[in-house]
Amino acid sequence: MKHTLKFFSSLSLLFSMFLGYAQDVPEISKNLDTIPPKKPKTETVKTAKPEIQEAQAPKDSIVKTDRYGLRVGVDLYKLTRGLYDKNYKGIEFVGDWRLTKKYYLAAELGYEDKTTEDDRLTSSANGTYIKAGFDYNFYQNWLDMENIISIGLRGGFSSFAQELHSYKIYNPNPYWGELPPIATDQKYSGLTATWIEVALGLKAQVVKNVFLGFGVQLKLLASNKEPSNFENLYIPGFNRTYDGSFGIGFNYTVSYFIPIYKKKTMASETAKKEEPKKKK
């Protein structure tokens with residue numbers, strides 16, 4: 001009987017130990033292989049859109065403001081010539097309009113009354129003229145300067161009258177001396193002439209908006225309406241004609257610039273460096 005009790009007590013002890021061990025082992029799921037692994041969550045970081053930057057000018061360039069407008073003036077040479085030349089009266093107005101950065105529309109309008117005294121005759125011419133064309137400024141100004149060194153082309157037209165005051169008859173054998181001049185006072189009106197000319201000039205700003213200028217013109221006569229028995233010795237706006245179809249003129253001007261509007265351009269502040277020459 002004692003042996004039987006010991007056997008059951010030993011059996012119950014083994015059973016209690018087996019239950020404790022079974023509770024310590026974790027339970028494994030039968031569907032462990034079929035469950036897909038969860039992907040780790042990735043946080044999305046919102047980044048600000050890059051701001052569009054405005055195009056900036058290079059550091060070696062600066063903004064230059066060009067002024068556009070009308071420049072009007074007068075020829076000082078023709079205006080003051082009458083003070084010391086009793087045979088001349090005249091006036092000329094000049095003007096130009098800045099069309100682009102380099103090109104200018106230009107025009108001159110004037111009146112002349114010139115008396116010509118020659119060995120054989122004395123005549124006078126008076127009338128109005130107009131010249132129109134363009135100038136090209138090939139001078140590179142510094143910043144905020146508006147000086148001009150230009151070459152241009154003009155077309156000229158003159159409407160005038162000639163008057164023959166007196167003349168002498170040519171005597172190839174002046175044994176009895178020269179014949180006295182013959183007074184006629186014949187006037188020829190409704191005369192016209194046209195020409196083209198190349199104009200070289202410069203204008204420099206002395207004070208704000210005030211320019212002094214000098215110009216030379218080389219002229220070529222295109223047409224010349226003359227009286228039937230008399231030649232045009234002087235054409236207003238063209239100058240003398242008895243040197244042939246070519247003429248020359250010049251002027252001294254003072255003008256005032258009237259600004260109308262402005263344009264901004266880029267002006268380089270530093271000059272480009274020359275590339276070193278390669279050694280042969």
# chains A, B, ... in the order shown; residues from 1 in each chain; ligands from 1

$ select_by_dssp --residues "region 25-269 of chain A" --states "strand (DSSP E or B)" --output "MDAnalysis selection string"
chainID A and resid 61:75 88:98 103:117 121:137 148:167 182:207 210:224 234:235 239:240 246:268

$ residues_around --residues "Thr184 (chain A)" --least-positions-apart "2" --cutoff "10 Å" --atoms "only C-alpha atoms" --output "list in words"
Glu163, Leu164, His165, Ser166, Tyr167, Pro181, Ile182, Gln186 and Lys187 of chain A

$ write_last_selection --atoms "all heavy atoms" --output "short mmCIF file (atom, residue, chain, number, x, y, z; two decimals), in the first residue's frame"
data_model
loop_
_atom_site.label_atom_id
_atom_site.label_comp_id
_atom_site.auth_asym_id
_atom_site.auth_seq_id
_atom_site.Cartn_x
_atom_site.Cartn_y
_atom_site.Cartn_z
N GLU A 163 19.59 137.57 -110.30
CA GLU A 163 19.47 138.91 -110.88
C GLU A 163 20.83 139.34 -111.41
O GLU A 163 21.81 139.37 -110.66
CB GLU A 163 18.96 139.91 -109.85
CG GLU A 163 18.72 141.29 -110.42
CD GLU A 163 18.09 142.24 -109.42
OE1 GLU A 163 17.80 141.80 -108.28
OE2 GLU A 163 17.90 143.43 -109.77
N LEU A 164 20.88 139.68 -112.68
CA LEU A 164 22.09 140.17 -113.31
C LEU A 164 22.10 141.70 -113.25
O LEU A 164 21.28 142.36 -113.90
CB LEU A 164 22.16 139.70 -114.77
CG LEU A 164 23.36 140.16 -115.58
CD1 LEU A 164 24.67 139.68 -114.96
CD2 LEU A 164 23.24 139.69 -117.03
N HIS A 165 23.00 142.24 -112.46
CA HIS A 165 23.05 143.69 -112.27
C HIS A 165 23.81 144.37 -113.41
O HIS A 165 23.35 145.38 -113.97
CB HIS A 165 23.70 144.04 -110.93
CG HIS A 165 22.97 143.48 -109.76
ND1 HIS A 165 21.75 143.97 -109.35
CD2 HIS A 165 23.27 142.47 -108.91
CE1 HIS A 165 21.32 143.30 -108.29
NE2 HIS A 165 22.25 142.37 -108.00
N SER A 166 24.99 143.86 -113.74
CA SER A 166 25.80 144.47 -114.80
C SER A 166 26.80 143.45 -115.33
O SER A 166 27.11 142.45 -114.65
CB SER A 166 26.53 145.72 -114.29
OG SER A 166 27.44 145.35 -113.27
N TYR A 167 27.31 143.72 -116.55
CA TYR A 167 28.31 142.84 -117.12
C TYR A 167 29.20 143.66 -118.07
O TYR A 167 28.83 144.76 -118.52
CB TYR A 167 27.66 141.67 -117.86
CG TYR A 167 26.88 142.07 -119.08
CD1 TYR A 167 27.46 142.08 -120.36
CD2 TYR A 167 25.54 142.44 -118.97
CE1 TYR A 167 26.74 142.45 -121.49
CE2 TYR A 167 24.82 142.80 -120.09
CZ TYR A 167 25.42 142.81 -121.34
OH TYR A 167 24.69 143.19 -122.45
N PRO A 181 31.08 148.83 -117.96
CA PRO A 181 30.06 147.79 -117.72
C PRO A 181 28.68 148.24 -118.19
O PRO A 181 28.35 149.43 -118.16
CB PRO A 181 30.11 147.60 -116.21
CG PRO A 181 30.68 148.86 -115.68
CD PRO A 181 31.62 149.39 -116.72
N ILE A 182 27.90 147.26 -118.58
CA ILE A 182 26.55 147.51 -119.06
C ILE A 182 25.56 147.10 -117.96
O ILE A 182 25.56 145.94 -117.50
CB ILE A 182 26.26 146.72 -120.34
CG1 ILE A 182 27.25 147.14 -121.44
CG2 ILE A 182 24.83 146.95 -120.81
CD1 ILE A 182 27.16 146.29 -122.69
N GLN A 186 18.46 142.58 -114.96
CA GLN A 186 17.55 141.53 -115.41
C GLN A 186 17.38 140.49 -114.29
O GLN A 186 18.36 140.01 -113.72
CB GLN A 186 18.06 140.87 -116.68
CG GLN A 186 18.11 141.78 -117.89
CD GLN A 186 18.62 141.07 -119.12
OE1 GLN A 186 18.98 139.89 -119.07
NE2 GLN A 186 18.65 141.78 -120.24
N LYS A 187 16.16 140.14 -114.00
CA LYS A 187 15.86 139.19 -112.93
C LYS A 187 15.25 137.93 -113.52
O LYS A 187 14.36 137.99 -114.37
CB LYS A 187 14.89 139.82 -111.92
CG LYS A 187 14.73 138.99 -110.65
CD LYS A 187 13.93 139.76 -109.60
CE LYS A 187 13.84 138.96 -108.30
NZ LYS A 187 13.09 139.71 -107.26
#

$ select_by_dssp --residues "region 50-204 of chain A" --states "alpha helix (DSSP H)" --output "ChimeraX atom specification"
/A:76-81

$ closest_residue --among "A:Asn224, A:Asn147, A:Gln205, A:Asn137" --to "Leu191 (chain A)" --atoms "only C-alpha atoms"
A:Asn224

$ residues_around --residues "region 248-251 of chain A" --least-positions-apart "4" --cutoff "10 Å" --atoms "only C-alpha atoms" --output "CSV table (one decimal) with C-alpha atoms, in the first residue's frame"
chain,number,residue,atom,x,y,z
A,74,VAL,CA,21.0,127.4,-85.8
A,75,ASP,CA,24.1,127.9,-88.0
A,76,LEU,CA,26.3,130.5,-86.3
A,77,TYR,CA,28.4,131.0,-89.4
A,78,LYS,CA,25.6,132.0,-91.7
A,92,GLU,CA,20.0,128.2,-91.5
A,197,GLU,CA,25.9,115.6,-100.3
A,198,VAL,CA,28.0,113.7,-97.9
A,199,ALA,CA,28.0,115.3,-94.5
A,200,LEU,CA,30.8,114.9,-91.8
A,201,GLY,CA,30.2,116.5,-88.5
A,213,GLY,CA,28.9,121.5,-83.6
A,214,PHE,CA,30.9,121.7,-86.7
A,215,GLY,CA,30.2,120.1,-90.1
A,216,VAL,CA,31.7,119.8,-93.6
A,217,GLN,CA,29.6,118.9,-96.7
A,218,LEU,CA,30.8,117.6,-100.0
A,219,LYS,CA,28.2,118.2,-102.7
A,220,LEU,CA,27.3,116.9,-106.2
A,237,GLY,CA,22.2,125.9,-100.0
A,238,PHE,CA,24.7,124.6,-102.5
A,239,ASN,CA,27.2,127.4,-102.7
A,240,ARG,CA,29.2,128.5,-105.8
A,241,THR,CA,28.7,126.6,-109.1

$ residues_around --residues "Asn141 (chain A)" --least-positions-apart "5" --cutoff "12 Å" --atoms "only C-alpha atoms" --output "tab-separated table (two decimals) with all heavy atoms, in the first residue's frame"
chain	number	residue	atom	x	y	z
A	64	LYS	N	22.50	101.46	-68.61
A	64	LYS	CA	22.69	102.79	-69.15
A	64	LYS	C	21.37	103.28	-69.73
A	64	LYS	O	20.67	102.54	-70.40
A	64	LYS	CB	23.76	102.78	-70.24
A	64	LYS	CG	24.00	104.14	-70.89
A	64	LYS	CD	25.00	104.04	-72.01
A	64	LYS	CE	25.17	105.37	-72.70
A	64	LYS	NZ	26.11	105.29	-73.84
A	66	ASP	N	19.58	105.69	-72.32
A	66	ASP	CA	19.74	106.51	-73.52
A	66	ASP	C	18.52	107.39	-73.69
A	66	ASP	O	17.37	106.93	-73.60
A	66	ASP	CB	19.92	105.62	-74.75
A	66	ASP	CG	21.24	104.86	-74.71
A	66	ASP	OD1	22.21	105.40	-74.16
A	66	ASP	OD2	21.29	103.74	-75.24
A	101	LYS	N	19.85	103.83	-81.65
A	101	LYS	CA	21.01	104.14	-80.84
A	101	LYS	C	22.09	104.84	-81.65
A	101	LYS	O	22.84	105.68	-81.13
A	101	LYS	CB	21.57	102.85	-80.22
A	101	LYS	CG	22.68	103.10	-79.21
A	101	LYS	CD	23.10	101.80	-78.55
A	101	LYS	CE	24.19	102.06	-77.52
A	101	LYS	NZ	24.60	100.81	-76.85
A	102	LYS	N	22.21	104.53	-82.95
A	102	LYS	CA	23.28	105.08	-83.78
A	102	LYS	C	22.78	105.98	-84.91
A	102	LYS	O	23.55	106.78	-85.43
A	102	LYS	CB	24.10	103.93	-84.40
A	102	LYS	CG	24.95	103.16	-83.38
A	102	LYS	CD	26.08	104.03	-82.85
A	102	LYS	CE	27.01	103.24	-81.94
A	102	LYS	NZ	28.13	104.07	-81.45
A	146	GLU	N	26.63	112.05	-74.55
A	146	GLU	CA	25.81	112.03	-75.76
A	146	GLU	C	26.49	112.77	-76.91
A	146	GLU	O	25.83	113.39	-77.74
A	146	GLU	CB	24.43	112.64	-75.48
A	146	GLU	CG	23.63	111.85	-74.46
A	146	GLU	CD	22.33	112.54	-74.06
A	146	GLU	OE1	22.28	113.79	-74.10
A	146	GLU	OE2	21.38	111.83	-73.70
A	147	ASN	N	27.81	112.73	-76.97
A	147	ASN	CA	28.54	113.38	-78.04
A	147	ASN	C	28.40	112.60	-79.34
A	147	ASN	O	28.13	111.40	-79.33
A	147	ASN	CB	30.01	113.54	-77.67
A	147	ASN	CG	30.20	114.40	-76.42
A	147	ASN	OD1	29.43	115.34	-76.20
A	147	ASN	ND2	31.19	114.09	-75.61
A	148	ILE	N	28.62	113.27	-80.46
A	148	ILE	CA	28.40	112.68	-81.77
A	148	ILE	C	29.57	113.00	-82.70
A	148	ILE	O	29.99	114.15	-82.79
A	148	ILE	CB	27.09	113.20	-82.39
A	148	ILE	CG1	25.88	112.79	-81.56
A	148	ILE	CG2	26.93	112.72	-83.82
A	148	ILE	CD1	24.58	113.39	-82.04
A	149	ILE	N	30.09	111.98	-83.35
A	149	ILE	CA	30.96	112.12	-84.51
A	149	ILE	C	30.30	111.31	-85.60
A	149	ILE	O	30.23	110.08	-85.52
A	149	ILE	CB	32.39	111.63	-84.23
A	149	ILE	CG1	33.02	112.42	-83.08
A	149	ILE	CG2	33.25	111.76	-85.48
A	149	ILE	CD1	34.41	111.96	-82.71
A	204	ALA	N	29.32	118.29	-79.62
A	204	ALA	CA	29.78	118.05	-78.26
A	204	ALA	C	28.89	118.81	-77.28
A	204	ALA	O	28.57	119.99	-77.52
A	204	ALA	CB	31.24	118.48	-78.10
A	205	GLN	N	28.51	118.14	-76.20
A	205	GLN	CA	27.66	118.76	-75.20
A	205	GLN	C	28.52	119.60	-74.26
A	205	GLN	O	29.42	119.10	-73.60
A	205	GLN	CB	26.90	117.69	-74.42
A	205	GLN	CG	25.88	118.25	-73.44
A	205	GLN	CD	25.02	117.18	-72.82
A	205	GLN	OE1	23.89	117.43	-72.41
A	205	GLN	NE2	25.53	115.96	-72.74
A	267	ALA	N	25.38	98.43	-70.55
A	267	ALA	CA	26.68	98.99	-70.92
A	267	ALA	C	27.75	98.26	-70.14
A	267	ALA	O	27.69	98.14	-68.92
A	267	ALA	CB	26.73	100.48	-70.62
A	268	SER	N	28.75	97.74	-70.82
A	268	SER	CA	29.84	97.00	-70.18
A	268	SER	C	30.70	97.95	-69.39
A	268	SER	O	31.06	99.04	-69.84
A	268	SER	CB	30.69	96.28	-71.22
A	268	SER	OG	31.74	95.59	-70.61
